[in-house]
$ cat structure_32.cif   # mmCIF, C-alpha atoms and all ligand atoms
data_start
loop_
_atom_site.label_atom_id
_atom_site.label_comp_id
_atom_site.auth_asym_id
_atom_site.auth_seq_id
_atom_site.Cartn_x
_atom_site.Cartn_y
_atom_site.Cartn_z
CA MET A 1 110.60 144.30 22.55
CA ILE A 2 108.89 144.33 25.95
CA LYS A 3 111.61 144.97 28.51
CA PRO A 4 111.68 144.08 32.20
CA TRP A 5 112.06 147.79 32.94
CA ASP A 6 112.27 151.07 31.09
CA TYR A 7 112.21 154.72 32.11
CA ILE A 8 112.10 156.63 28.81
CA ASN A 9 108.31 156.97 28.59
CA GLU A 10 108.12 158.09 32.19
CA TYR A 11 110.90 160.62 31.64
CA LYS A 12 109.19 162.07 28.57
CA LYS A 13 106.07 162.77 30.64
CA ILE A 14 107.84 164.60 33.47
CA LYS A 15 110.79 166.00 31.53
CA SER A 16 109.93 169.70 31.90
CA LYS A 17 109.53 169.41 35.69
CA ILE A 18 112.78 167.43 36.00
CA ILE A 19 114.80 169.86 33.87
CA LYS A 20 113.41 172.82 35.80
CA SER A 21 114.27 171.22 39.12
CA ILE A 22 117.79 170.24 38.03
CA ASP A 23 118.36 173.76 36.73
CA SER A 24 117.20 175.37 39.96
CA SER A 25 119.45 173.01 41.88
CA LEU A 26 122.51 173.72 39.72
CA SER A 27 121.81 177.47 39.94
CA SER A 28 121.53 177.42 43.73
CA GLY A 29 125.26 177.28 44.43
CA PHE A 30 125.00 173.92 46.23
CA LEU A 31 126.05 170.65 44.62
CA ILE A 32 126.34 168.36 47.62
CA LEU A 33 124.55 168.39 51.01
CA GLY A 34 122.46 171.43 50.13
CA PRO A 35 118.83 172.59 50.25
CA GLN A 36 117.45 170.00 47.79
CA LEU A 37 118.68 167.20 50.03
CA ASP A 38 117.40 168.95 53.17
CA LEU A 39 113.97 169.20 51.59
CA PHE A 40 113.99 165.62 50.38
CA GLU A 41 115.13 164.31 53.77
CA LYS A 42 112.21 166.09 55.44
CA LYS A 43 109.65 164.99 52.87
CA PHE A 44 110.73 161.37 52.56
CA SER A 45 111.02 160.71 56.30
CA LYS A 46 107.55 162.24 56.72
CA PHE A 47 106.25 159.93 53.97
CA ILE A 48 107.69 156.90 55.78
CA GLY A 49 106.59 158.14 59.19
CA THR A 50 109.91 158.45 61.01
CA LYS A 51 111.33 161.44 62.86
CA PHE A 52 114.62 161.50 60.96
CA GLY A 53 115.91 160.73 57.49
CA LEU A 54 119.27 160.86 55.80
CA GLY A 55 120.13 160.72 52.12
CA VAL A 56 123.11 158.53 51.22
CA GLY A 57 124.79 157.31 48.06
CA ASN A 58 122.83 154.06 47.68
CA CYS A 59 121.13 151.38 49.76
CA THR A 60 124.22 149.17 50.00
CA ASP A 61 125.89 152.09 51.80
CA ALA A 62 122.73 152.68 53.84
CA ILE A 63 122.81 149.12 55.23
CA PHE A 64 126.55 149.38 55.87
CA ILE A 65 126.20 152.73 57.64
CA ALA A 66 123.25 151.44 59.69
CA LEU A 67 125.23 148.42 60.87
CA ARG A 68 128.27 150.55 61.65
CA ALA A 69 126.16 153.04 63.60
CA LEU A 70 124.92 150.12 65.71
CA ASN A 71 128.55 149.07 66.33
CA ILE A 72 128.15 145.81 64.44
CA GLY A 73 131.33 144.38 62.95
CA LYS A 74 133.97 141.69 63.36
CA GLY A 75 132.88 138.74 65.48
CA ASP A 76 129.18 139.59 65.16
CA GLU A 77 126.49 137.69 63.29
CA VAL A 78 123.63 139.26 61.39
CA ILE A 79 120.57 137.21 60.45
CA THR A 80 119.15 137.73 56.98
CA VAL A 81 117.88 135.79 53.95
CA SER A 82 119.71 134.26 51.02
CA ASN A 83 117.12 135.03 48.31
CA THR A 84 117.79 138.77 48.53
CA ALA A 85 119.81 140.99 46.20
CA VAL A 86 123.56 140.55 46.71
CA PRO A 87 124.05 144.07 48.23
CA THR A 88 122.21 143.17 51.45
CA VAL A 89 125.01 140.70 52.08
CA THR A 90 127.75 142.89 50.60
CA ALA A 91 126.95 145.49 53.25
CA ILE A 92 126.94 142.99 56.13
CA VAL A 93 130.26 141.43 55.05
CA ASN A 94 131.82 144.88 54.54
CA THR A 95 131.37 145.60 58.26
CA GLY A 96 133.36 142.46 59.12
CA ALA A 97 130.25 140.69 60.49
CA ARG A 98 129.05 137.26 59.31
CA PRO A 99 125.68 136.91 57.59
CA ARG A 100 123.62 134.01 58.95
CA PHE A 101 120.96 132.96 56.47
CA VAL A 102 117.50 131.70 57.37
CA ASP A 103 114.96 130.21 54.97
CA VAL A 104 111.95 132.04 53.56
CA ASN A 105 108.22 131.30 53.64
CA GLU A 106 105.77 130.77 50.74
CA ASN A 107 105.69 134.51 50.19
CA TYR A 108 109.47 134.71 49.64
CA LEU A 109 109.94 136.58 52.93
CA MET A 110 112.04 135.75 55.99
CA SER A 111 110.47 132.81 57.76
CA CYS A 112 109.99 134.09 61.29
CA ASN A 113 109.83 130.64 62.87
CA LYS A 114 113.35 129.89 61.60
CA ILE A 115 114.95 132.90 63.26
CA GLU A 116 115.27 131.75 66.87
CA SER A 117 117.22 128.60 66.04
CA ALA A 118 119.76 130.73 64.12
CA ILE A 119 120.44 133.01 67.12
CA ASN A 120 123.63 132.44 69.13
CA LYS A 121 125.82 134.49 71.47
CA ASN A 122 127.32 136.42 68.54
CA THR A 123 124.00 137.42 66.98
CA LYS A 124 123.59 141.19 67.10
CA ALA A 125 121.00 142.05 64.49
CA ILE A 126 118.36 140.93 62.04
CA VAL A 127 118.10 142.40 58.55
CA PRO A 128 114.60 141.53 57.34
CA VAL A 129 114.31 142.10 53.59
CA HIS A 130 110.89 143.30 52.44
CA LEU A 131 111.47 141.54 49.17
CA TYR A 132 109.48 142.30 46.00
CA GLY A 133 107.50 145.06 47.77
CA GLN A 134 105.85 143.18 50.61
CA THR A 135 106.70 143.72 54.29
CA CYS A 136 107.91 140.88 56.51
CA ASN A 137 105.87 139.92 59.56
CA MET A 138 107.18 142.73 61.75
CA THR A 139 105.04 141.73 64.75
CA GLU A 140 106.96 138.46 65.04
CA ILE A 141 110.33 140.02 64.25
CA LEU A 142 109.88 142.73 66.86
CA LYS A 143 108.95 140.07 69.46
CA ILE A 144 112.23 138.28 68.73
CA LYS A 145 114.11 141.58 68.88
CA LYS A 146 112.75 142.20 72.36
CA LYS A 147 113.33 138.67 73.62
CA TYR A 148 116.99 138.54 72.51
CA ASN A 149 117.82 142.26 72.64
CA LEU A 150 118.75 142.44 68.96
CA LYS A 151 118.89 145.36 66.54
CA ILE A 152 116.62 145.48 63.50
CA ILE A 153 117.75 147.04 60.25
CA GLU A 154 115.00 146.84 57.66
CA ASP A 155 116.10 146.38 54.06
CA CYS A 156 113.40 148.44 52.32
CA ALA A 157 115.22 148.71 48.99
CA GLN A 158 112.21 147.14 47.25
CA SER A 159 109.44 148.27 49.58
CA THR A 160 109.12 152.06 49.45
CA GLY A 161 105.50 152.77 50.42
CA ALA A 162 104.69 149.17 51.42
CA MET A 163 102.74 148.82 54.65
CA TYR A 164 102.27 146.26 57.39
CA LYS A 165 99.31 146.84 59.69
CA LYS A 166 98.95 150.28 58.09
CA LYS A 167 102.52 151.35 59.04
CA LYS A 168 105.14 151.91 56.36
CA SER A 169 108.11 149.58 56.04
CA GLY A 170 111.19 151.35 57.33
CA SER A 171 109.39 152.64 60.43
CA PHE A 172 109.47 149.42 62.50
CA GLY A 173 113.11 148.70 63.18
CA ASP A 174 115.98 150.68 64.67
CA ILE A 175 116.86 151.81 61.15
CA GLY A 176 115.26 151.53 57.70
CA CYS A 177 117.36 151.43 54.51
CA PHE A 178 115.99 152.48 51.13
CA SER A 179 117.22 152.38 47.54
CA PHE A 180 116.38 154.92 44.86
CA TYR A 181 118.23 152.95 42.20
CA PRO A 182 116.42 153.87 38.95
CA THR A 183 114.28 150.71 38.74
CA LYS A 184 112.96 151.07 42.26
CA ILE A 185 109.48 152.22 43.36
CA LEU A 186 110.90 155.72 43.76
CA GLY A 187 113.82 155.83 41.35
CA ALA A 188 116.45 158.53 40.91
CA TYR A 189 118.21 158.95 37.57
CA GLY A 190 121.38 157.52 39.05
CA ASP A 191 122.34 155.97 42.38
CA ALA A 192 120.78 157.17 45.63
CA GLY A 193 119.76 155.72 48.99
CA PHE A 194 118.22 156.67 52.32
CA LEU A 195 118.21 155.91 56.04
CA THR A 196 115.22 156.34 58.37
CA THR A 197 115.17 156.26 62.17
CA ASN A 198 113.34 157.64 65.18
CA ASN A 199 116.50 157.68 67.27
CA ILE A 200 118.33 161.02 67.33
CA LYS A 201 121.62 159.50 68.52
CA LEU A 202 121.62 157.02 65.64
CA TYR A 203 120.66 159.78 63.24
CA ASN A 204 123.58 161.95 64.33
CA LYS A 205 125.98 159.04 64.20
CA MET A 206 124.86 158.01 60.71
CA ARG A 207 125.12 161.62 59.61
CA ARG A 208 128.75 161.62 60.67
CA ILE A 209 129.51 158.22 59.16
CA ARG A 210 128.20 159.31 55.76
CA LEU A 211 130.66 162.25 55.86
CA MET A 212 133.97 160.58 56.71
CA GLY A 213 133.14 160.75 60.42
CA MET A 214 132.98 164.55 60.43
CA GLU A 215 130.30 166.26 62.44
CA SER A 216 128.59 167.85 59.48
CA ASN A 217 129.17 170.29 56.68
CA ILE A 218 129.77 173.99 57.26
CA ARG A 219 126.06 174.70 57.74
CA SER A 220 125.96 172.79 61.05
CA LYS A 221 125.91 174.69 64.35
CA SER A 222 127.25 171.75 66.38
CA LYS A 223 129.98 172.51 68.92
CA PHE A 224 132.01 169.63 67.45
CA ASN A 225 131.85 171.20 64.02
CA LYS A 226 135.55 171.60 63.51
CA LYS A 227 136.11 171.75 59.81
CA TYR A 228 137.98 168.71 58.42
CA TYR A 229 138.06 166.98 61.83
CA ALA A 230 136.84 163.36 61.96
CA VAL A 231 135.09 162.58 65.22
CA GLU A 232 134.94 158.90 64.25
CA HIS A 233 135.82 156.57 61.40
CA GLY A 234 133.32 156.96 58.59
CA THR A 235 132.88 156.66 54.87
CA ASN A 236 131.85 158.91 51.99
CA SER A 237 128.25 158.38 50.96
CA ARG A 238 126.27 161.44 49.94
CA LEU A 239 123.10 161.90 47.93
CA ASP A 240 123.98 164.75 45.59
CA GLU A 241 121.80 167.79 44.90
CA VAL A 242 120.95 166.87 41.31
CA GLN A 243 119.62 163.44 42.31
CA ALA A 244 117.83 165.02 45.31
CA SER A 245 116.17 167.54 43.00
CA ILE A 246 114.97 164.70 40.75
CA LEU A 247 113.69 162.77 43.76
CA ASN A 248 111.85 165.85 45.04
CA VAL A 249 109.91 165.95 41.77
CA LYS A 250 109.30 162.22 41.60
CA LEU A 251 108.20 161.94 45.24
CA GLY A 252 105.20 164.02 44.13
CA PHE A 253 104.11 161.07 41.96
CA ILE A 254 104.72 158.29 44.46
CA LYS A 255 101.01 157.57 45.05
CA TYR A 256 100.50 157.15 41.33
CA TYR A 257 103.60 154.95 40.95
CA ILE A 258 102.30 152.61 43.63
CA SER A 259 98.66 152.55 42.53
CA ARG A 260 99.69 151.87 38.92
CA ARG A 261 101.89 148.95 40.04
CA ARG A 262 99.00 147.57 42.08
CA GLN A 263 96.69 148.02 39.12
CA ILE A 264 99.04 146.04 36.85
CA ALA A 265 99.37 143.33 39.51
CA LYS A 266 95.57 143.05 39.64
CA ILE A 267 95.40 142.64 35.88
CA TYR A 268 97.94 139.80 36.09
CA ASN A 269 96.05 138.27 39.07
CA ASP A 270 92.74 138.33 37.21
CA ASN A 271 94.07 137.00 33.94
CA LEU A 272 96.69 134.44 34.97
CA LYS A 273 94.81 132.57 37.66
CA GLN A 274 93.79 129.77 35.27
CA THR A 275 97.40 129.13 34.25
CA GLY A 276 99.85 126.77 35.93
CA LEU A 277 101.80 129.68 37.38
CA VAL A 278 101.99 130.19 41.13
CA LEU A 279 100.94 133.82 41.55
CA PRO A 280 102.11 136.17 44.30
CA ARG A 281 99.82 136.72 47.26
CA GLU A 282 99.21 139.90 49.18
CA MET A 283 99.21 138.69 52.77
CA ASN A 284 96.76 139.79 55.47
CA ASP A 285 97.76 143.06 57.12
CA ASN A 286 99.92 143.92 54.09
CA PHE A 287 99.88 146.59 51.45
CA HIS A 288 102.06 145.23 48.63
CA VAL A 289 103.73 147.73 46.29
CA TYR A 290 104.70 145.10 43.67
CA TYR A 291 108.24 146.19 42.96
CA GLN A 292 108.33 142.74 41.42
CA TYR A 293 105.37 140.60 40.40
CA VAL A 294 107.01 137.23 40.99
CA VAL A 295 105.48 134.05 39.63
CA ALA A 296 106.75 130.48 39.89
CA HIS A 297 106.64 127.49 37.55
CA ASP A 298 108.56 124.19 37.29
CA ASN A 299 109.29 124.91 33.64
CA ARG A 300 110.48 128.45 34.25
CA ASP A 301 113.46 128.33 31.88
CA LYS A 302 111.41 126.99 28.96
CA ILE A 303 108.71 129.60 29.48
CA ILE A 304 111.24 132.42 29.56
CA LYS A 305 112.93 131.18 26.38
CA LYS A 306 109.63 130.90 24.51
CA LEU A 307 108.53 134.36 25.60
CA LEU A 308 111.83 135.79 24.42
CA LYS A 309 111.03 134.46 20.95
CA LYS A 310 107.86 136.59 21.15
CA ASN A 311 109.98 139.63 22.04
CA ILE A 312 109.09 139.52 25.72
CA TYR A 313 112.22 139.73 27.87
CA LEU A 314 111.63 138.76 31.49
CA ASN A 315 113.92 138.98 34.51
CA ILE A 316 114.62 136.45 37.23
CA THR A 317 114.98 138.15 40.60
CA TYR A 318 117.02 136.31 41.72
CA PRO A 319 118.35 133.14 40.04
CA TYR A 320 121.15 132.35 42.54
CA PRO A 321 120.77 132.04 46.32
CA ILE A 322 123.56 134.03 47.94
CA HIS A 323 124.79 131.18 50.16
CA LYS A 324 125.65 129.30 46.94
CA MET A 325 127.78 132.11 45.53
CA ARG A 326 131.56 131.81 45.62
CA PRO A 327 132.38 134.67 48.02
CA TYR A 328 129.58 133.82 50.44
CA LYS A 329 129.62 129.99 50.57
CA ILE A 330 131.88 130.20 53.60
CA PHE A 331 129.06 131.70 55.63
CA PHE A 332 126.86 128.64 55.24
CA GLN A 333 127.65 125.54 57.27
CA LYS A 334 126.24 122.04 56.80
CA LYS A 335 125.08 121.91 60.41
CA TYR A 336 122.75 124.87 59.78
CA GLU A 337 119.15 124.28 58.82
CA LYS A 338 118.74 123.76 55.06
CA LEU A 339 117.48 126.65 52.96
CA SER A 340 115.17 124.40 50.95
CA LYS A 341 112.54 126.94 49.96
CA THR A 342 115.17 129.50 49.02
CA GLU A 343 116.90 126.97 46.77
CA ASN A 344 113.68 125.65 45.19
CA PHE A 345 112.29 129.10 44.46
CA ALA A 346 115.53 130.20 42.77
CA SER A 347 114.93 127.61 40.05
CA GLN A 348 111.22 128.37 39.62
CA ILE A 349 110.61 132.09 39.91
CA PHE A 350 110.53 134.87 37.35
CA SER A 351 109.15 138.40 37.29
CA LEU A 352 106.50 140.03 35.16
CA PRO A 353 107.04 143.75 34.60
CA THR A 354 105.08 146.19 36.77
CA TYR A 355 106.93 149.46 36.11
CA PRO A 356 104.30 152.21 35.96
CA SER A 357 104.97 153.36 32.40
CA ILE A 358 104.55 149.93 30.79
CA LYS A 359 101.79 150.15 28.20
CA ASP A 360 98.51 148.29 28.83
CA ASN A 361 98.84 146.47 25.51
CA SER A 362 102.27 145.14 26.58
CA VAL A 363 100.71 143.74 29.76
CA GLU A 364 97.96 142.20 27.61
CA LYS A 365 100.51 140.66 25.27
CA ILE A 366 102.42 139.09 28.19
CA ILE A 367 99.17 137.64 29.55
CA LYS A 368 98.12 136.30 26.16
CA GLU A 369 101.45 134.60 25.50
CA ILE A 370 101.67 133.08 28.98
CA ASN A 371 98.13 131.74 28.67
CA LYS A 372 99.12 129.99 25.46
CA LEU A 373 102.13 128.36 27.15
CA THR A 374 100.88 127.15 30.53
C1 LIG A 401 116.86 143.99 48.53
C2 LIG A 401 117.92 144.98 48.13
N1 LIG A 401 118.78 145.42 49.07
C3 LIG A 401 119.74 146.32 48.76
C4 LIG A 401 119.88 146.82 47.50
C5 LIG A 401 120.97 147.80 47.23
O1 LIG A 401 120.50 148.98 46.71
P1 LIG A 401 121.48 149.98 45.93
O2 LIG A 401 121.53 149.50 44.52
O3 LIG A 401 120.78 151.31 46.07
O4 LIG A 401 122.79 149.96 46.62
C6 LIG A 401 118.99 146.42 46.50
C7 LIG A 401 119.12 146.92 45.13
O5 LIG A 401 119.22 146.20 44.18
C8 LIG A 401 117.99 145.47 46.81
O6 LIG A 401 117.11 145.05 45.88
#
$ encode --input "structure_32.cif" --output "structure tokens"
Amino acid sequence: MIKPWDYINEYKKIKSKIIKSIDSSLSSGFLILGPQLDLFEKKFSKFIGTKFGLGVGNCTDAIFIALRALNIGKGDEVITVSNTAVPTVTAIVNTGARPRFVDVNENYLMSCNKIESAINKNTKAIVPVHLYGQTCNMTEILKIKKKYNLKIIEDCAQSTGAMYKKKKSGSFGDIGCFSFYPTKILGAYGDAGFLTTNNIKLYNKMRRIRLMGMESNIRSKSKFNKKYYAVEHGTNSRLDEVQASILNVKLGFIKYYISRRRQIAKIYNDNLKQTGLVLPREMNDNFHVYYQYVVAHDNRDKIIKKLLKKNIYLNITYPYPIHKMRPYKIFFQKKYEKLSKTENFASQIFSLPTYPSIKDNSVEKIIKEINKLT
């Protein structure tokens, strides 16, 4: 069976390094907020190109903490897209703010010319989602930010290492939010997430929010560092030392992970262009990391069923637009502009696997079977 994602082969290759790193972490005397996380925070923020970085429990928490740090909550509106993963919206709604959805362009990314008409007096922020591994048009989004004095929180859950105009996603907005969920470009072996920023005040605030509003752990030298005293209302969202030690090892392979994904994408590009599938495009000024290689076809469901009979199991990311889902319907009003592309794509798209450890002959089999069908 060819699966949409697997980690066992990858783990086998790096097992000795992972075990060694976990052991050194467990032997260090720190389990949470210790030296492995310090090291990872330094290395990952350097990789992204921001001054500061903060490990948190997952990217849903990262987006929530980012919004809270920017004082966004009840009565506020946050512009985002409806073709994203549910957690982008979970995080916005958890702050008490309303998500306001705008449609996407042909590349499945936030359509920048739809943003201005969705802005009103309550709009406080935009959450561009660099979906599938390609960065939104940040030049346009930053222009809108400036014009309307909005905050930008980049959802980089799928775009670790992706670049726009040679700058990494997560270094454009006020705050960048990353996921290290196991399937992601840089995956932990459990849940983990990250926040990036160049703003020291936001960094300090997010640091407190991740630790129940307390200034820091006992290693901090801050004058507010009264043990067990909450300076503000926070939450509990920490990236533990074992996951940090795994991420420290895996960060060493990030260039390979990305180049292998791009290599697989090129093989699909070269060998599927004669089919009836709409293939993904790497836009000008972009460096795509192909978290998902998303193709579209009118007969998507039939194709998926037939491939399953050949033992090829493919994922749809994502089959349901969020504004159509029961808990989030209330955030979409008839008077708003229709989300036509979002809705059409949801019924046409599916993903071909690009995880680095997929075998070449599996990629070849997928190509062969799709060529027979379309
Ligand atoms: C676009 C997007 N945003 C946010 C998230 C949330 O990430 P996490 O699972 O780390 O909370 C995900 C993960 O699925 C995602 O794909």
$ axis_aligned_box --input "structure_32.cif" --around "segment 281-284 of chain A" --padding-each-side "8 Å" --output "AutoDock Vina command-line options"
--center_x 98.3 --center_y 138.3 --center_z 51.4 --size_x 19.1 --size_y 19.2 --size_z 24.2
$ closest_residue --input "structure_32.cif" --among "A:Arg68, A:Lys184, A:Lys166, A:Arg262" --to "ligand LIG 401 (chain A)" --atoms "all atoms listed in the file"
A:Lys184
$ closest_atom_pairs --input "structure_32.cif" --of "chain A" --to "ligand LIG 401 (chain A)" --cutoff "6 Å" --atoms "all atoms listed in the file" --output "CSV"
residue,atom,partner,partner_atom,distance
A:Asn58,CA,A:LIG401,O3,3.8
A:Cys59,CA,A:LIG401,O3,3.7
A:Thr60,CA,A:LIG401,O4,3.8
A:Thr84,CA,A:LIG401,C1,5.3
A:Ala85,CA,A:LIG401,C1,4.8
A:Pro87,CA,A:LIG401,C3,4.9
A:Thr88,CA,A:LIG401,N1,4.7
A:Val129,CA,A:LIG401,C1,6.0
A:Leu131,CA,A:LIG401,C1,6.0
A:Asp155,CA,A:LIG401,N1,5.7
A:Ala157,CA,A:LIG401,C2,4.7
A:Gln158,CA,A:LIG401,O6,5.5
A:Ser179,CA,A:LIG401,O3,4.0
A:Phe180,CA,A:LIG401,O3,5.8
A:Tyr181,CA,A:LIG401,O3,4.9
A:Ala192,CA,A:LIG401,O3,5.9
A:Gly193,CA,A:LIG401,O3,5.4
$ residues_near_point --input "structure_32.cif" --point "(111.5, 135.4, 28.6)" --cutoff "12 Å" --atoms "all atoms listed in the file" --output "short mmCIF file (atom, residue, chain, number, x, y, z; two decimals) with C-alpha atoms, in the frame of the given file"
data_model
loop_
_atom_site.label_atom_id
_atom_site.label_comp_id
_atom_site.auth_asym_id
_atom_site.auth_seq_id
_atom_site.Cartn_x
_atom_site.Cartn_y
_atom_site.Cartn_z
CA MET A 1 110.60 144.30 22.55
CA ILE A 2 108.89 144.33 25.95
CA LYS A 3 111.61 144.97 28.51
CA PRO A 4 111.68 144.08 32.20
CA ASN A 299 109.29 124.91 33.64
CA ARG A 300 110.48 128.45 34.25
CA ASP A 301 113.46 128.33 31.88
CA LYS A 302 111.41 126.99 28.96
CA ILE A 303 108.71 129.60 29.48
CA ILE A 304 111.24 132.42 29.56
CA LYS A 305 112.93 131.18 26.38
CA LYS A 306 109.63 130.90 24.51
CA LEU A 307 108.53 134.36 25.60
CA LEU A 308 111.83 135.79 24.42
CA LYS A 309 111.03 134.46 20.95
CA LYS A 310 107.86 136.59 21.15
CA ASN A 311 109.98 139.63 22.04
CA ILE A 312 109.09 139.52 25.72
CA TYR A 313 112.22 139.73 27.87
CA LEU A 314 111.63 138.76 31.49
CA ASN A 315 113.92 138.98 34.51
CA ILE A 316 114.62 136.45 37.23
CA ILE A 349 110.61 132.09 39.91
CA PHE A 350 110.53 134.87 37.35
CA SER A 351 109.15 138.40 37.29
CA LEU A 352 106.50 140.03 35.16
CA PRO A 353 107.04 143.75 34.60
CA ILE A 366 102.42 139.09 28.19
CA GLU A 369 101.45 134.60 25.50
CA ILE A 370 101.67 133.08 28.98
CA LEU A 373 102.13 128.36 27.15
#
$ atom_distance --input "structure_32.cif" --atom1 "atom CA of Cys156 of chain A" --atom2 "atom CA of Ser169 of chain A"
6.6 Å
$ closest_residue --input "structure_32.cif" --among "A:Cys136, A:Gly161, A:His323, A:Phe101" --to "Ile254 of chain A" --atoms "only C-alpha atoms"
A:Gly161
$ closest_residue --input "structure_32.cif" --among "A:Gly176, A:Pro321, A:Pro280, A:Pro128" --to "Lys341 of chain A" --atoms "all atoms listed in the file"
A:Pro321
$ atom_distance --input "structure_32.cif" --atom1 "atom CA of Tyr164 of chain A" --atom2 "atom CA of Met283 of chain A"
9.4 Å
$ residues_around --input "structure_32.cif" --residues "Lys168 of chain A" --least-positions-apart "4" --cutoff "10 Å" --atoms "all atoms listed in the file" --output "list in words"
Phe47, Ile48, Gly49, Thr50, Thr135, Cys156, Ser159, Thr160, Gly161, Ala162, Met163, Tyr164, Phe172, Asn286 and Phe287 of chain A
$ atom_distance --input "structure_32.cif" --atom1 "atom CA of Leu186 of chain A" --atom2 "atom CA of Phe44 of chain A"
10.5 Å
$ residues_around --input "structure_32.cif" --residues "Lys201 of chain A" --least-positions-apart "4" --cutoff "12 Å" --atoms "all atoms listed in the file" --output "ChimeraX atom specification"
/A:51-52,69-70,174-175,197,205-208
$ closest_residue --input "structure_32.cif" --among "A:Ile79, A:Val93, A:Val104, A:Leu211" --to "Ile126 of chain A" --atoms "all atoms listed in the file"
A:Ile79
$ closest_residue --input "structure_32.cif" --among "A:Val231, A:Val278, A:Val249, A:Ala91" --to "Leu39 of chain A" --atoms "only C-alpha atoms"
A:Val249
$ residues_near_point --input "structure_32.cif" --point "(116.1, 175.1, 41.0)" --cutoff "12 Å" --atoms "only C-alpha atoms" --output "PyMOL selection string"
chain A and resi 17-31+34-36+241-242+244-246+248-249
$ closest_residue --input "structure_32.cif" --among "A:Val102, A:Cys177, A:Ile144, A:Ile32" --to "Ile65 of chain A" --atoms "only C-alpha atoms"
A:Cys177
$ build_atoms --input "structure_32.cif" --residues "segment 71-83 of chain A" --atoms "N, CA, C and O atoms" --output "PDB file, in the frame of the given file"
ATOM      1  N   ASN A  71     127.299 149.708  65.859  1.00  0.00           N
ATOM      2  CA  ASN A  71     128.550 149.070  66.330  1.00  0.00           C
ATOM      3  C   ASN A  71     128.636 147.595  65.987  1.00  0.00           C
ATOM      4  O   ASN A  71     129.158 146.803  66.763  1.00  0.00           O
ATOM      5  N   ILE A  72     128.088 147.215  64.853  1.00  0.00           N
ATOM      6  CA  ILE A  72     128.150 145.810  64.440  1.00  0.00           C
ATOM      7  C   ILE A  72     129.337 145.625  63.497  1.00  0.00           C
ATOM      8  O   ILE A  72     129.540 146.422  62.577  1.00  0.00           O
ATOM      9  N   GLY A  73     130.129 144.610  63.767  1.00  0.00           N
ATOM     10  CA  GLY A  73     131.330 144.380  62.950  1.00  0.00           C
ATOM     11  C   GLY A  73     131.920 143.021  63.232  1.00  0.00           C
ATOM     12  O   GLY A  73     131.194 142.052  63.486  1.00  0.00           O
ATOM     13  N   LYS A  74     133.235 142.953  63.235  1.00  0.00           N
ATOM     14  CA  LYS A  74     133.970 141.690  63.360  1.00  0.00           C
ATOM     15  C   LYS A  74     133.513 140.893  64.590  1.00  0.00           C
ATOM     16  O   LYS A  74     133.351 141.461  65.666  1.00  0.00           O
ATOM     17  N   GLY A  75     133.280 139.605  64.366  1.00  0.00           N
ATOM     18  CA  GLY A  75     132.880 138.740  65.480  1.00  0.00           C
ATOM     19  C   GLY A  75     131.373 138.667  65.666  1.00  0.00           C
ATOM     20  O   GLY A  75     130.870 137.823  66.399  1.00  0.00           O
ATOM     21  N   ASP A  76     130.642 139.557  65.006  1.00  0.00           N
ATOM     22  CA  ASP A  76     129.180 139.590  65.160  1.00  0.00           C
ATOM     23  C   ASP A  76     128.500 138.804  64.036  1.00  0.00           C
ATOM     24  O   ASP A  76     129.057 138.662  62.946  1.00  0.00           O
ATOM     25  N   GLU A  77     127.297 138.338  64.329  1.00  0.00           N
ATOM     26  CA  GLU A  77     126.490 137.690  63.290  1.00  0.00           C
ATOM     27  C   GLU A  77     125.215 138.493  63.048  1.00  0.00           C
ATOM     28  O   GLU A  77     124.637 139.056  63.987  1.00  0.00           O
ATOM     29  N   VAL A  78     124.823 138.519  61.792  1.00  0.00           N
ATOM     30  CA  VAL A  78     123.630 139.260  61.390  1.00  0.00           C
ATOM     31  C   VAL A  78     122.718 138.295  60.618  1.00  0.00           C
ATOM     32  O   VAL A  78     123.148 137.705  59.621  1.00  0.00           O
ATOM     33  N   ILE A  79     121.501 138.139  61.098  1.00  0.00           N
ATOM     34  CA  ILE A  79     120.570 137.210  60.450  1.00  0.00           C
ATOM     35  C   ILE A  79     119.879 137.896  59.277  1.00  0.00           C
ATOM     36  O   ILE A  79     119.360 139.002  59.404  1.00  0.00           O
ATOM     37  N   THR A  80     119.878 137.227  58.146  1.00  0.00           N
ATOM     38  CA  THR A  80     119.150 137.730  56.980  1.00  0.00           C
ATOM     39  C   THR A  80     118.744 136.551  56.094  1.00  0.00           C
ATOM     40  O   THR A  80     118.806 135.399  56.533  1.00  0.00           O
ATOM     41  N   VAL A  81     118.318 136.852  54.863  1.00  0.00           N
ATOM     42  CA  VAL A  81     117.880 135.790  53.950  1.00  0.00           C
ATOM     43  C   VAL A  81     118.843 135.683  52.772  1.00  0.00           C
ATOM     44  O   VAL A  81     119.572 136.632  52.472  1.00  0.00           O
ATOM     45  N   SER A  82     118.768 134.525  52.108  1.00  0.00           N
ATOM     46  CA  SER A  82     119.710 134.260  51.020  1.00  0.00           C
ATOM     47  C   SER A  82     119.072 134.496  49.641  1.00  0.00           C
ATOM     48  O   SER A  82     119.761 134.436  48.623  1.00  0.00           O
ATOM     49  N   ASN A  83     117.762 134.790  49.620  1.00  0.00           N
ATOM     50  CA  ASN A  83     117.120 135.030  48.310  1.00  0.00           C
ATOM     51  C   ASN A  83     117.068 136.527  47.975  1.00  0.00           C
ATOM     52  O   ASN A  83     116.391 136.940  47.052  1.00  0.00           O
TER      53      ASN A  83
END
